[in-house]
Every structure is written in C-alpha cells, then in structure tokens.
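Student: My structure is in upload.txt, and what it holds is compact mmCIF, C-alpha atoms:
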```txt
# COMPACT_ATOMS: atom_id res chain seq x y z
CA MET A 104 214.50 279.97 99.99
CA ILE A 105 216.12 280.25 103.39
CA GLU A 106 214.12 277.32 104.73
CA ARG A 107 215.33 275.20 101.81
CA PHE A 108 218.89 276.30 102.52
CA GLU A 109 218.58 275.24 106.16
CA HIS A 110 217.53 271.74 105.11
CA GLN A 111 220.35 271.56 102.57
CA LEU A 112 222.80 272.71 105.20
CA LYS A 113 221.71 270.00 107.61
CA PHE A 114 222.27 267.41 104.87
CA LEU A 115 225.64 268.88 103.86
CA LYS A 116 226.83 268.71 107.47
CA GLU A 117 225.58 265.14 107.86
CA ILE A 118 227.45 263.90 104.80
CA ASP A 119 230.76 265.02 106.32
CA LYS A 120 230.52 261.52 107.82
CA MET A 121 231.48 260.09 104.41
CA LYS A 122 235.05 261.07 105.30
CA SER A 123 234.98 258.57 108.15
CA ILE A 124 233.37 255.61 106.35
CA PHE A 125 236.32 253.39 105.57
CA ARG A 126 236.48 250.98 102.65
CA GLN A 127 238.49 247.76 102.38
CA THR A 128 240.83 249.45 99.92
CA ILE A 129 243.96 251.17 101.20
CA LEU A 130 245.54 254.28 99.70
CA ILE A 131 248.34 253.75 97.20
CA ASP A 132 250.78 255.20 99.78
CA ARG A 133 249.37 252.56 102.21
CA SER A 134 249.05 255.13 104.99
CA ARG A 135 245.39 254.31 105.75
CA ARG A 136 242.19 252.80 104.43
CA GLU A 137 240.41 254.81 101.78
CA ASP A 138 237.29 256.64 102.89
CA ASP A 139 234.06 256.99 100.93
CA ALA A 140 234.46 260.72 100.27
CA SER A 141 237.94 260.26 98.76
CA HIS A 142 236.77 257.27 96.74
CA SER A 143 233.83 259.27 95.36
CA TRP A 144 236.15 262.08 94.38
CA HIS A 145 238.60 259.73 92.64
CA PHE A 146 235.71 258.01 90.86
CA ALA A 147 234.39 261.37 89.59
CA VAL A 148 237.81 262.51 88.34
CA MET A 149 238.28 259.17 86.56
CA ALA A 150 234.85 259.44 84.93
CA MET A 151 235.79 262.91 83.72
CA LEU A 152 239.22 261.97 82.34
CA LEU A 153 238.38 258.59 80.83
CA TYR A 154 235.16 259.66 79.13
CA GLU A 155 236.75 259.25 75.69
CA HIS A 156 236.97 255.49 76.37
CA CYS A 157 233.25 255.19 76.99
CA ALA A 158 231.85 253.33 73.97
CA ASP A 159 228.33 254.74 74.25
CA ARG A 160 228.71 258.34 73.13
CA SER A 161 225.20 259.21 74.35
CA VAL A 162 226.48 259.10 77.94
CA ASN A 163 225.91 262.43 79.70
CA ILE A 164 229.03 263.24 81.73
CA GLU A 165 227.27 265.80 83.94
CA ARG A 166 224.82 263.12 85.11
CA VAL A 167 227.67 260.62 85.60
CA LEU A 168 229.59 263.10 87.77
CA LYS A 169 226.50 263.69 89.91
CA MET A 170 226.02 259.94 90.25
CA ALA A 171 229.65 259.50 91.27
CA LEU A 172 229.34 262.19 93.93
CA VAL A 173 226.26 260.66 95.57
CA HIS A 174 226.51 256.93 94.77
CA ASP A 175 227.84 255.91 98.22
CA LEU A 176 226.03 258.41 100.47
CA ILE A 177 223.71 255.75 101.89
CA GLU A 178 226.80 254.07 103.41
CA ILE A 179 226.70 256.79 106.09
CA TYR A 180 224.00 254.69 107.73
CA ALA A 181 224.32 251.35 105.89
CA GLY A 182 228.13 251.04 106.12
CA ASP A 183 230.47 249.81 103.41
CA THR A 184 229.80 246.26 102.28
CA PHE A 185 232.87 244.56 100.80
CA ALA A 186 232.09 243.71 97.18
CA TYR A 187 233.12 240.07 97.57
CA ASP A 188 231.36 239.54 100.92
CA THR A 189 228.51 237.16 100.04
CA ALA A 190 226.95 237.17 103.52
CA GLY A 191 227.10 240.96 103.86
CA ASN A 192 225.48 241.37 100.47
CA VAL A 193 222.37 239.33 101.43
CA ASP A 194 220.69 242.13 103.40
CA LYS A 195 222.55 244.96 101.66
CA GLN A 196 219.56 246.17 99.67
CA GLN A 197 217.30 246.33 102.71
CA ARG A 198 219.90 248.17 104.80
CA GLU A 199 220.57 250.61 102.00
CA GLN A 200 216.90 251.40 101.33
CA ALA A 201 216.39 252.16 105.03
CA ALA A 202 219.49 254.35 104.99
CA ALA A 203 218.23 256.21 101.92
CA ASP A 204 214.85 256.83 103.58
CA LYS A 205 216.59 258.40 106.54
CA LEU A 206 219.30 260.36 104.73
CA PHE A 207 217.45 261.86 101.79
CA ALA A 208 214.61 263.00 104.08
CA LEU A 209 216.99 265.69 105.36
CA LEU A 210 216.81 267.50 102.02
CA PRO A 211 213.87 269.50 100.63
CA SER A 212 211.62 266.72 99.32
CA ASP A 213 212.01 267.45 95.56
CA GLN A 214 215.78 267.49 95.94
CA GLY A 215 215.82 264.41 98.15
CA GLU A 216 213.92 262.54 95.43
CA GLU A 217 216.28 263.80 92.74
CA ILE A 218 219.40 262.63 94.60
CA ARG A 219 217.82 259.34 95.58
CA ALA A 220 216.93 258.78 91.91
CA PHE A 221 220.60 259.24 90.95
CA TRP A 222 221.62 256.63 93.50
CA GLU A 223 218.90 254.19 92.42
CA GLU A 224 219.78 254.63 88.75
CA PHE A 225 223.44 253.95 89.54
CA ASP A 226 222.56 250.92 91.61
CA ALA A 227 220.30 249.40 88.95
CA GLU A 228 223.10 249.61 86.31
CA GLN A 229 220.60 249.77 83.44
CA THR A 230 220.94 253.19 81.77
CA PRO A 231 223.98 254.12 79.64
CA ASP A 232 225.01 256.73 82.23
CA ALA A 233 224.80 254.18 85.06
CA LYS A 234 226.67 251.55 83.06
CA TYR A 235 229.59 253.89 82.47
CA ALA A 236 229.51 255.08 86.09
CA CYS A 237 229.53 251.49 87.29
CA ALA A 238 232.52 250.63 85.08
CA ILE A 239 234.50 253.48 86.63
CA ASP A 240 233.40 252.52 90.15
CA ARG A 241 234.96 249.08 89.49
CA LEU A 242 238.08 250.42 87.78
CA GLN A 243 239.05 252.73 90.67
CA PRO A 244 239.65 249.98 93.30
CA PHE A 245 241.05 247.66 90.60
CA ILE A 246 243.87 250.12 89.94
CA ASN A 247 244.29 250.62 93.65
CA ASN A 248 244.67 246.87 94.15
CA ILE A 249 247.30 246.63 91.42
CA MET A 250 249.27 249.39 93.12
CA THR A 251 249.07 247.84 96.61
CA GLU A 252 250.08 244.26 95.78
CA GLY A 253 246.44 243.15 95.64
CA HIS A 254 245.71 244.31 99.18
CA THR A 255 241.99 243.53 99.32
CA TRP A 256 242.27 240.55 96.94
CA LYS A 257 244.83 238.85 99.14
CA ARG A 258 242.91 239.59 102.32
CA GLY A 259 239.72 238.14 100.81
CA GLY A 260 241.39 235.19 99.03
CA ILE A 261 239.88 236.47 95.77
CA THR A 262 240.21 234.55 92.48
CA THR A 263 240.50 235.75 88.88
CA THR A 264 236.98 234.42 88.20
CA GLN A 265 235.60 236.72 90.89
CA VAL A 266 237.60 239.68 89.62
CA TYR A 267 236.52 239.15 86.00
CA GLN A 268 232.90 238.95 87.12
CA ARG A 269 233.25 242.12 89.18
CA MET A 270 235.01 243.98 86.33
CA ASP A 271 232.57 242.91 83.62
CA PRO A 272 230.89 246.36 83.49
CA ILE A 273 234.26 247.68 82.22
CA ARG A 274 234.24 245.15 79.34
CA VAL A 275 230.74 246.32 78.39
CA ALA A 276 231.09 250.10 78.81
CA MET A 277 234.77 250.60 77.97
CA PRO A 278 235.77 247.79 75.60
CA ASP A 279 238.90 249.59 74.41
CA ILE A 280 240.55 249.22 77.81
CA TRP A 281 239.50 245.59 78.42
CA ASP A 282 242.87 244.30 77.17
CA PHE A 283 244.48 246.33 79.95
CA ILE A 284 242.28 244.58 82.52
CA VAL A 285 243.11 241.13 81.15
CA LYS A 286 246.82 241.87 81.02
CA SER A 287 246.79 243.31 84.55
CA VAL A 288 244.93 240.30 85.95
CA GLY A 289 247.55 238.03 84.37
CA ASP A 290 250.39 240.07 85.87
CA CYS A 291 248.73 240.04 89.29
CA VAL A 292 248.33 236.27 89.27
CA GLU A 293 251.98 235.91 88.31
CA LYS A 294 253.03 238.18 91.17
CA GLY A 295 250.79 236.32 93.66
CA TYR A 296 248.42 239.25 94.26
CA LEU A 297 245.47 237.22 93.07
CA ILE A 298 244.56 233.50 92.99
CA GLY A 299 244.69 232.21 89.38
CA MET B 162 243.96 255.13 72.24
CA ILE B 163 245.88 252.75 74.49
CA GLU B 164 248.84 255.09 74.66
CA ARG B 165 246.53 257.89 75.81
CA PHE B 166 245.03 255.57 78.41
CA GLU B 167 248.48 254.76 79.78
CA HIS B 168 249.20 258.46 80.30
CA GLN B 169 245.81 258.98 81.92
CA LEU B 170 246.40 256.01 84.17
CA LYS B 171 249.73 257.39 85.34
CA PHE B 172 248.02 260.66 86.21
CA LEU B 173 245.10 258.94 87.95
CA LYS B 174 247.53 256.95 90.10
CA GLU B 175 249.54 260.07 90.95
CA ILE B 176 246.49 262.00 92.14
CA ASP B 177 245.78 259.33 94.77
CA LYS B 178 248.20 261.54 96.73
CA MET B 179 245.38 264.07 97.17
CA LYS B 180 244.07 261.75 99.89
CA SER B 181 247.20 262.42 101.93
CA ILE B 182 247.43 266.21 101.51
CA PHE B 183 246.02 267.51 104.76
CA ARG B 184 244.31 270.85 105.18
CA GLN B 185 244.07 273.01 108.30
CA THR B 186 240.39 272.10 108.65
CA ILE B 187 239.41 269.12 110.77
CA LEU B 188 236.47 266.82 110.09
CA ILE B 189 233.21 267.62 111.87
CA ASP B 190 233.68 264.44 113.94
CA ARG B 191 237.17 265.84 114.82
CA SER B 192 238.82 262.49 114.14
CA ARG B 193 241.47 263.90 111.79
CA ARG B 194 242.40 266.76 109.50
CA GLU B 195 240.50 266.95 106.26
CA ASP B 196 242.37 265.86 103.14
CA ASP B 197 242.23 267.52 99.74
CA ALA B 198 240.34 264.66 98.05
CA SER B 199 237.56 264.71 100.66
CA HIS B 200 237.38 268.50 100.55
CA SER B 201 237.09 268.43 96.74
CA TRP B 202 234.29 265.89 96.97
CA HIS B 203 232.39 267.92 99.57
CA PHE B 204 232.86 271.09 97.50
CA ALA B 205 231.45 269.35 94.41
CA VAL B 206 228.40 267.98 96.27
CA MET B 207 227.75 271.43 97.75
CA ALA B 208 227.99 273.06 94.31
CA MET B 209 225.49 270.51 93.01
CA LEU B 210 222.99 270.90 95.85
CA LEU B 211 223.19 274.67 96.34
CA TYR B 212 223.04 275.61 92.67
CA GLU B 213 219.55 277.12 93.12
CA HIS B 214 221.17 279.80 95.35
CA CYS B 215 223.58 280.89 92.63
CA ALA B 216 222.35 284.30 91.47
CA ASP B 217 223.86 284.08 87.98
CA ARG B 218 221.67 281.55 86.20
CA SER B 219 224.12 281.33 83.28
CA VAL B 220 226.47 279.28 85.48
CA ASN B 221 227.19 275.88 83.93
CA ILE B 222 227.09 273.30 86.71
CA GLU B 223 228.96 270.64 84.70
CA ARG B 224 231.91 273.03 84.36
CA VAL B 225 231.69 273.96 88.05
CA LEU B 226 231.77 270.29 89.07
CA LYS B 227 234.84 269.71 86.91
CA MET B 228 236.50 272.76 88.45
CA ALA B 229 235.71 271.51 91.95
CA LEU B 230 237.21 268.12 91.19
CA VAL B 231 240.53 269.50 89.93
CA HIS B 232 240.90 272.87 91.70
CA ASP B 233 243.37 271.62 94.34
CA LEU B 234 245.33 269.04 92.33
CA ILE B 235 248.43 271.23 92.16
CA GLU B 236 248.69 270.92 95.96
CA ILE B 237 250.08 267.42 95.37
CA TYR B 238 253.39 269.16 94.69
CA ALA B 239 252.77 272.68 96.02
CA GLY B 240 251.19 271.66 99.36
CA ASP B 241 248.20 273.26 101.04
CA THR B 242 248.70 276.94 101.89
CA PHE B 243 246.51 278.10 104.78
CA ALA B 244 244.16 280.79 103.45
CA TYR B 245 245.10 283.24 106.19
CA ASP B 246 248.87 282.59 106.03
CA THR B 247 250.27 285.83 104.58
CA ALA B 248 253.87 284.60 104.36
CA GLY B 249 252.91 281.30 102.74
CA ASN B 250 250.83 283.13 100.18
CA VAL B 251 253.74 285.25 98.94
CA ASP B 252 255.31 282.55 96.77
CA LYS B 253 252.11 280.50 96.39
CA GLN B 254 251.58 281.39 92.75
CA GLN B 255 255.12 280.48 91.74
CA ARG B 256 255.00 277.17 93.62
CA GLU B 257 251.63 276.33 92.11
CA GLN B 258 252.63 277.12 88.53
CA ALA B 259 255.67 274.87 88.87
CA ALA B 260 253.44 272.14 90.34
CA ALA B 261 250.98 272.51 87.47
CA ASP B 262 253.81 272.22 84.89
CA LYS B 263 254.89 268.95 86.46
CA LEU B 264 251.50 267.41 87.18
CA PHE B 265 249.53 268.17 84.03
CA ALA B 266 252.43 267.00 81.85
CA LEU B 267 251.52 263.44 82.88
CA LEU B 268 248.30 263.64 80.82
CA PRO B 269 248.00 263.58 77.02
CA SER B 270 248.87 267.19 76.12
CA ASP B 271 245.39 268.28 74.97
CA GLN B 272 243.83 266.93 78.13
CA GLY B 273 246.55 268.36 80.35
CA GLU B 274 245.85 271.78 78.87
CA GLU B 275 242.10 271.34 79.38
CA ILE B 276 242.46 270.46 83.07
CA ARG B 277 245.02 273.16 83.67
CA ALA B 278 242.64 275.68 82.09
CA PHE B 279 239.93 274.64 84.58
CA TRP B 280 242.32 275.22 87.47
CA GLU B 281 243.51 278.58 86.09
CA GLU B 282 239.93 279.73 85.48
CA PHE B 283 239.02 278.80 89.04
CA ASP B 284 242.06 280.53 90.43
CA ALA B 285 241.44 283.76 88.51
CA GLU B 286 237.86 284.03 89.88
CA GLN B 287 236.68 286.05 86.89
CA THR B 288 234.11 283.95 85.00
CA PRO B 289 230.60 283.32 86.38
CA ASP B 290 231.43 279.59 86.74
CA ALA B 291 234.62 280.36 88.67
CA LYS B 292 232.88 282.92 90.88
CA TYR B 293 230.25 280.40 91.95
CA ALA B 294 232.90 277.69 92.40
CA CYS B 295 234.97 280.05 94.53
CA ALA B 296 231.96 280.91 96.73
CA ILE B 297 231.39 277.22 97.44
CA ASP B 298 235.09 276.62 98.08
CA ARG B 299 234.85 279.27 100.83
CA LEU B 300 231.52 278.05 102.21
CA GLN B 301 232.69 274.48 102.77
CA PRO B 302 235.40 275.25 105.39
CA PHE B 303 233.21 278.04 106.85
CA ILE B 304 230.56 275.49 107.77
CA ASN B 305 233.22 273.14 109.00
CA ASN B 306 234.60 275.86 111.28
CA ILE B 307 231.16 276.59 112.72
CA MET B 308 230.76 272.89 113.50
CA THR B 309 234.17 272.53 115.16
CA GLU B 310 234.08 275.55 117.47
CA GLY B 311 236.08 277.64 115.00
CA HIS B 312 238.99 275.18 114.93
CA THR B 313 241.15 276.89 112.29
CA TRP B 314 239.99 280.39 113.23
CA LYS B 315 241.05 279.93 116.84
CA ARG B 316 244.37 278.36 115.87
CA GLY B 317 245.13 281.25 113.51
CA GLY B 318 243.74 284.02 115.77
CA ILE B 319 241.43 285.03 112.91
CA THR B 320 239.17 288.10 113.10
CA THR B 321 235.72 288.78 111.66
CA THR B 322 237.27 291.27 109.23
CA GLN B 323 239.46 288.51 107.81
CA VAL B 324 236.53 286.10 107.61
CA TYR B 325 234.26 288.61 105.86
CA GLN B 326 237.00 289.35 103.35
CA ARG B 327 237.54 285.64 102.73
CA MET B 328 233.79 284.97 102.39
CA ASP B 329 233.10 287.91 100.08
CA PRO B 330 232.75 285.66 96.99
CA ILE B 331 229.66 284.19 98.70
CA ARG B 332 228.09 287.64 99.04
CA VAL B 333 228.65 288.22 95.33
CA ALA B 334 227.67 284.82 93.90
CA MET B 335 225.03 283.69 96.41
CA PRO B 336 223.48 286.85 97.87
CA ASP B 337 220.42 284.99 99.20
CA ILE B 338 222.53 283.14 101.77
CA TRP B 339 224.62 286.14 102.87
CA ASP B 340 222.36 286.76 105.86
CA PHE B 341 223.22 283.26 107.04
CA ILE B 342 226.94 284.12 106.89
CA VAL B 343 226.47 287.36 108.83
CA LYS B 344 224.33 285.68 111.47
CA SER B 345 226.80 282.78 111.81
CA VAL B 346 229.77 285.12 112.18
CA GLY B 347 227.89 286.96 114.97
CA ASP B 348 227.11 283.69 116.74
CA CYS B 349 230.73 282.56 116.44
CA VAL B 350 232.05 285.78 117.93
CA GLU B 351 229.60 285.42 120.81
CA LYS B 352 230.75 281.86 121.45
CA GLY B 353 234.41 282.85 121.26
CA TYR B 354 235.18 280.88 118.09
CA LEU B 355 236.27 284.03 116.30
CA ILE B 356 237.78 287.39 117.32
CA GLY B 357 235.15 290.16 116.95
```
What is this file in structure tokens?

Tutor:
Amino acid sequence: MIERFEHQLKFLKEIDKMKSIFRQTILIDRSRREDDASHSWHFAVMAMLLYEHCADRSVNIERVLKMALVHDLIEIYAGDTFAYDTAGNVDKQQREQAAADKLFALLPSDQGEEIRAFWEEFDAEQTPDAKYACAIDRLQPFINNIMTEGHTWKRGGITTTQVYQRMDPIRVAMPDIWDFIVKSVGDCVEKGYLIG
Amino acid sequence: MIERFEHQLKFLKEIDKMKSIFRQTILIDRSRREDDASHSWHFAVMAMLLYEHCADRSVNIERVLKMALVHDLIEIYAGDTFAYDTAGNVDKQQREQAAADKLFALLPSDQGEEIRAFWEEFDAEQTPDAKYACAIDRLQPFINNIMTEGHTWKRGGITTTQVYQRMDPIRVAMPDIWDFIVKSVGDCVEKGYLIG
C-alpha cells in the first residue's frame, strides 16, 4: 500500500505543473492568462451545475467530473495547443500520446491505465459522458471570451463559422442552451468581438 | 429552463474570481502563490487518486469531488484565512456565512441550497464524506510545504505541534498514510522547514 502511495505522491507532485501551463484564454478580471488547473476546476464545476441541461440523462456525472479533472493533464508535457491553431493541431495527437506515456507511467500501472482511459474517452468524444464533457469544455472558454471582449477570438482573427464548428458539441449535448450560443455569437459580431 | 440557465451563468461567471483569490501556499515551481481554483482542482484530483487509502469504504467519491470543487467558493467574498492565523479565525465563521448568503443566492434557490449544503457539510467535518474530504484538504498544502522548504510554515513560525493538530483528520480518515506524515514532519524539522 505504501509503495502505491509513493507512486501516487510522485504523480500528484508532478501535476502541480498544471498551475503553470497557460492557455490562450485570460481570466474575466483580465489579470493574467488562465492556467490548466483553474480551467479544469471551472470545467468540473460547470459540469456539476449544468447537468440538468444535458439531454442524455444516462450521463454519469461522477465519470464526467473525473474526466474534467484529468482531461488536460497531458499538456504538462505536450503544452496547450490553441483550438484554432491548424498547424499546431497537426502533430497534436502524437505529442499528446508521448506525453501520456510519460505522465501516466508515474502512477501504479492499473491506476495509470484507468486515468489514461478517462483522457482517451474524453478525447474521442464518442460516449455520452465524453460528449457532455466536451460540450462543457467548449462552453467554459466561450463564456470567458464573451466576458473579455472576445480576447482569444480577436487575437486569432476567428470567424463565426469557426466558433459554430467548435461549439457544435454544445448543440448536440445541451440543445436547450443552443439558442443562448446563437444569440451570444450574434451579439459578439455586433460588438466586433468576432468576425461575422 | 432558460431562466435557470441565466442564473447559473451569472454564478459561473462570478466564480471565475476563485482564480484570483491567493492562498499562503506557493506553487511547487515557486513562480507564484497558489489560487483557490487551482487548489480546489488539486484537492479533487488527490481525492480521486487516493481514495483507496480512505479507511471508511462507505465514502461516496462523487460527493467528495463535489465538496472539493465548492468547498472554498465562499472565499470569493470572505477571503482566504490562513489556517494558523488565530486572530483571522475569530470572525471567520461570521464572514463566511455572510459570503455564502450573497454567493449562493445567485443560483436557482434549490441549487443554491444544494451547493451550500455541500460546503456546510465539509466545514462541519462530521460525515464520512466530509472527514475524507477534510483529510485531503490538509494533505494538499502539506505536500506543497514539503516541496517548497516549508514556505508557509517558516513564514508563520509554525511548530510540529500545530502541524500535527492540523493534520489530524489525515490520521483519522487515512490511517495507512499516517506514517508518511510523521516521517515527513521529522525530515522537515531536521531540515529546518518547521520548528520542532
């Protein structure tokens, strides 16, 4: 038991680095860029509080919370790839698999496999749990962008077509809030936060 | 449904402030003080990965994760009170109740009550779920202190007696790792991170 704990401890120390992996998104108070640990926390709280808007009632919230907590861990070694960065996304999968090999090997092997499976399920976006998780992972920076005058959209010269494509998991998993997305996109174009 | 979503959204925007509430603890890479959102994330991941060390097997990990995610939300208005700050802890409860009244009122009332109940359960440390959650909430900064040469212990002139008292929930909820705590405390005294 103690040997397992020592491995877990090594992993839990290593993932402190999530707090220093910075995303493109800035905080709503604009004081700094958001880090992966904070994003993962916000994602998990959103998944918890918006569960009633998830159309598929078979979704298991405990599994979604676990997915939220670990979905970006591989960025400790692979870095954050901006969602709209086409070039960066070419070798993303390869970089992330190598990162996963390295990171999850720190854990006892059964647990490393379990956590890696959560990440892979999330990334594949096929199961009901992963589809809901993915919708929330898109909604979190969307709201952040609305609140910061389209910070990352403006920096990336992003268009409504790109945003709608990126937000599509929300339309699928949480249809009752899709009108909010459409209305917000319209408002953001009007305000110049987003290219129409 | 949409009216509920609007309330939830207001709350989810407000809690972005957790990312700018700074704790006494610094990150392991020492680049900055840890914020409440990052701490809550790390706490939740630890609770997930160390669950096998929780002696009471009736503990419901889904409830513990939810507790971890919301346990510090009231600090948005009440601020972070250093665990070893006796003066600051005198009016802590009053400040936190007032903060809870204000914050949870942003949510639809049933949901506000549900989240507040998670926080109150955590804070009372009476149920098996809260006892395990509390043990992890103590373990997270303990490990951080070990890794940063006792950063907050040295700043506060903290003694082993104070640390043992603070860590006691770990002894109760996770007895199989208590030896690790005792050994670590000894090492830290030897290295001068902590007053013996």

Student: Write out as a PyMOL selection string each polymer residue whose atoms come within 6 Å of stretch 275-289 of chain B, counting all atoms listed in the file; drop sequence neighbours fewer than 2 positions from it.

Tutor: chain B and resi 220+228+232+272-273+291-292

Student: Just C-alpha atoms for this one: save the residues we selected as a PDB file, in the frame of the given file.

Tutor:
```pdb
ATOM      1  CA  VAL B 220     226.470 279.280  85.480  1.00  0.00           C
ATOM      2  CA  MET B 228     236.500 272.760  88.450  1.00  0.00           C
ATOM      3  CA  HIS B 232     240.900 272.870  91.700  1.00  0.00           C
ATOM      4  CA  GLN B 272     243.830 266.930  78.130  1.00  0.00           C
ATOM      5  CA  GLY B 273     246.550 268.360  80.350  1.00  0.00           C
ATOM      6  CA  ALA B 291     234.620 280.360  88.670  1.00  0.00           C
ATOM      7  CA  LYS B 292     232.880 282.920  90.880  1.00  0.00           C
TER       8      LYS B 292
END
```

Student: Which distance in Å separates atom CA of A:Phe185 and atom CA of A:Tyr296, to one decimal?

Tutor: 17.7 Å

Student: Please indicate the distance in Å from atom CA of A:Asn247 to atom CA of A:Arg198, rounded to one decimal place.

Tutor: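 Separation of atom CA of A:Asn247 and atom CA of A:Arg198: 26.9 Å.
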
Student: B:Arg165: which residues within 12 Å, counting only C-alpha atoms, same-chain residues fewer than 6 positions away excluded, as a ChimeraX atom specification?

Tutor: /A:152-156,279-280 /B:171-172,267-273

Student: Quick one: residues within 12 Å of A:His145, all atoms listed in the file counted, chain neighbours fewer than 4 positions away excluded, as a short mmCIF file (atom, residue, chain, number, x, y, z; two decimals) with C-alpha atoms, keeping the file's coordinate frame?

Tutor:
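Result file follows (selection.cif):
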```cif
data_model
loop_
_atom_site.label_atom_id
_atom_site.label_comp_id
_atom_site.auth_asym_id
_atom_site.auth_seq_id
_atom_site.Cartn_x
_atom_site.Cartn_y
_atom_site.Cartn_z
CA LEU A 130 245.54 254.28 99.70
CA GLU A 137 240.41 254.81 101.78
CA ASP A 138 237.29 256.64 102.89
CA ASP A 139 234.06 256.99 100.93
CA ALA A 140 234.46 260.72 100.27
CA SER A 141 237.94 260.26 98.76
CA MET A 149 238.28 259.17 86.56
CA ALA A 150 234.85 259.44 84.93
CA MET A 151 235.79 262.91 83.72
CA LEU A 152 239.22 261.97 82.34
CA LEU A 153 238.38 258.59 80.83
CA LEU A 168 229.59 263.10 87.77
CA ALA A 171 229.65 259.50 91.27
CA LEU A 172 229.34 262.19 93.93
CA ILE A 239 234.50 253.48 86.63
CA ASP A 240 233.40 252.52 90.15
CA ARG A 241 234.96 249.08 89.49
CA LEU A 242 238.08 250.42 87.78
CA GLN A 243 239.05 252.73 90.67
CA PRO A 244 239.65 249.98 93.30
CA ILE A 246 243.87 250.12 89.94
CA ASN A 247 244.29 250.62 93.65
CA PHE B 172 248.02 260.66 86.21
CA LEU B 173 245.10 258.94 87.95
CA LYS B 174 247.53 256.95 90.10
CA GLU B 175 249.54 260.07 90.95
CA ILE B 176 246.49 262.00 92.14
CA ASP B 177 245.78 259.33 94.77
CA LYS B 178 248.20 261.54 96.73
CA MET B 179 245.38 264.07 97.17
CA LYS B 180 244.07 261.75 99.89
CA ASP B 197 242.23 267.52 99.74
CA ALA B 198 240.34 264.66 98.05
CA SER B 199 237.56 264.71 100.66
CA HIS B 200 237.38 268.50 100.55
CA SER B 201 237.09 268.43 96.74
CA TRP B 202 234.29 265.89 96.97
CA LEU B 230 237.21 268.12 91.19
CA VAL B 231 240.53 269.50 89.93
CA LEU B 234 245.33 269.04 92.33
#
```

Student: Find the residues with any atom within 10 Å of (237.2, 284.8, 121.3); use all atoms listed in the file and the coordinates as given in the file, and write the answer as a CSV table (one decimal) with C-alpha atoms, in the frame of the given file.

Tutor:
```csv
chain,number,residue,atom,x,y,z
B,311,GLY,CA,236.1,277.6,115.0
B,314,TRP,CA,240.0,280.4,113.2
B,315,LYS,CA,241.0,279.9,116.8
B,318,GLY,CA,243.7,284.0,115.8
B,319,ILE,CA,241.4,285.0,112.9
B,320,THR,CA,239.2,288.1,113.1
B,349,CYS,CA,230.7,282.6,116.4
B,350,VAL,CA,232.0,285.8,117.9
B,351,GLU,CA,229.6,285.4,120.8
B,352,LYS,CA,230.8,281.9,121.4
B,353,GLY,CA,234.4,282.8,121.3
B,354,TYR,CA,235.2,280.9,118.1
B,355,LEU,CA,236.3,284.0,116.3
B,356,ILE,CA,237.8,287.4,117.3
B,357,GLY,CA,235.2,290.2,117.0
```

Student: As an exercise, work out the distance from atom CA of B:Ala216 to atom CA of B:Thr309 in Å and give it to one decimal place.

Tutor: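 These atoms are spaced 29.0 Å apart.
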
Student: Would you mind telling me which residue in A:Val288, A:Ile124, A:Ala276, A:Ala238 lies nearest to A:Gly182 when using only C-alpha atoms?

Tutor: A:Ile124

Student: Would you mind telling me which residue in B:Val333, B:Ile235, B:Met308, B:Leu264 lies nearest to chain A when using all atoms listed in the file?

Tutor: B:Met308

Student: Would you mind telling me which residue in B:Arg218, B:Arg327, B:His312, B:Arg224 lies nearest to chain A when using all atoms listed in the file?

Tutor: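 Looking only at the distances to chain A, the closest residue turns out to be B:Arg224.
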
Student: Could you tell me, as a PyMOL selection string, which residues have any atom at most 9 Å from (239.5, 247.1, 81.9), counting only C-alpha atoms?

Tutor: chain A and resi 238+242+245+270-274+277-285+287
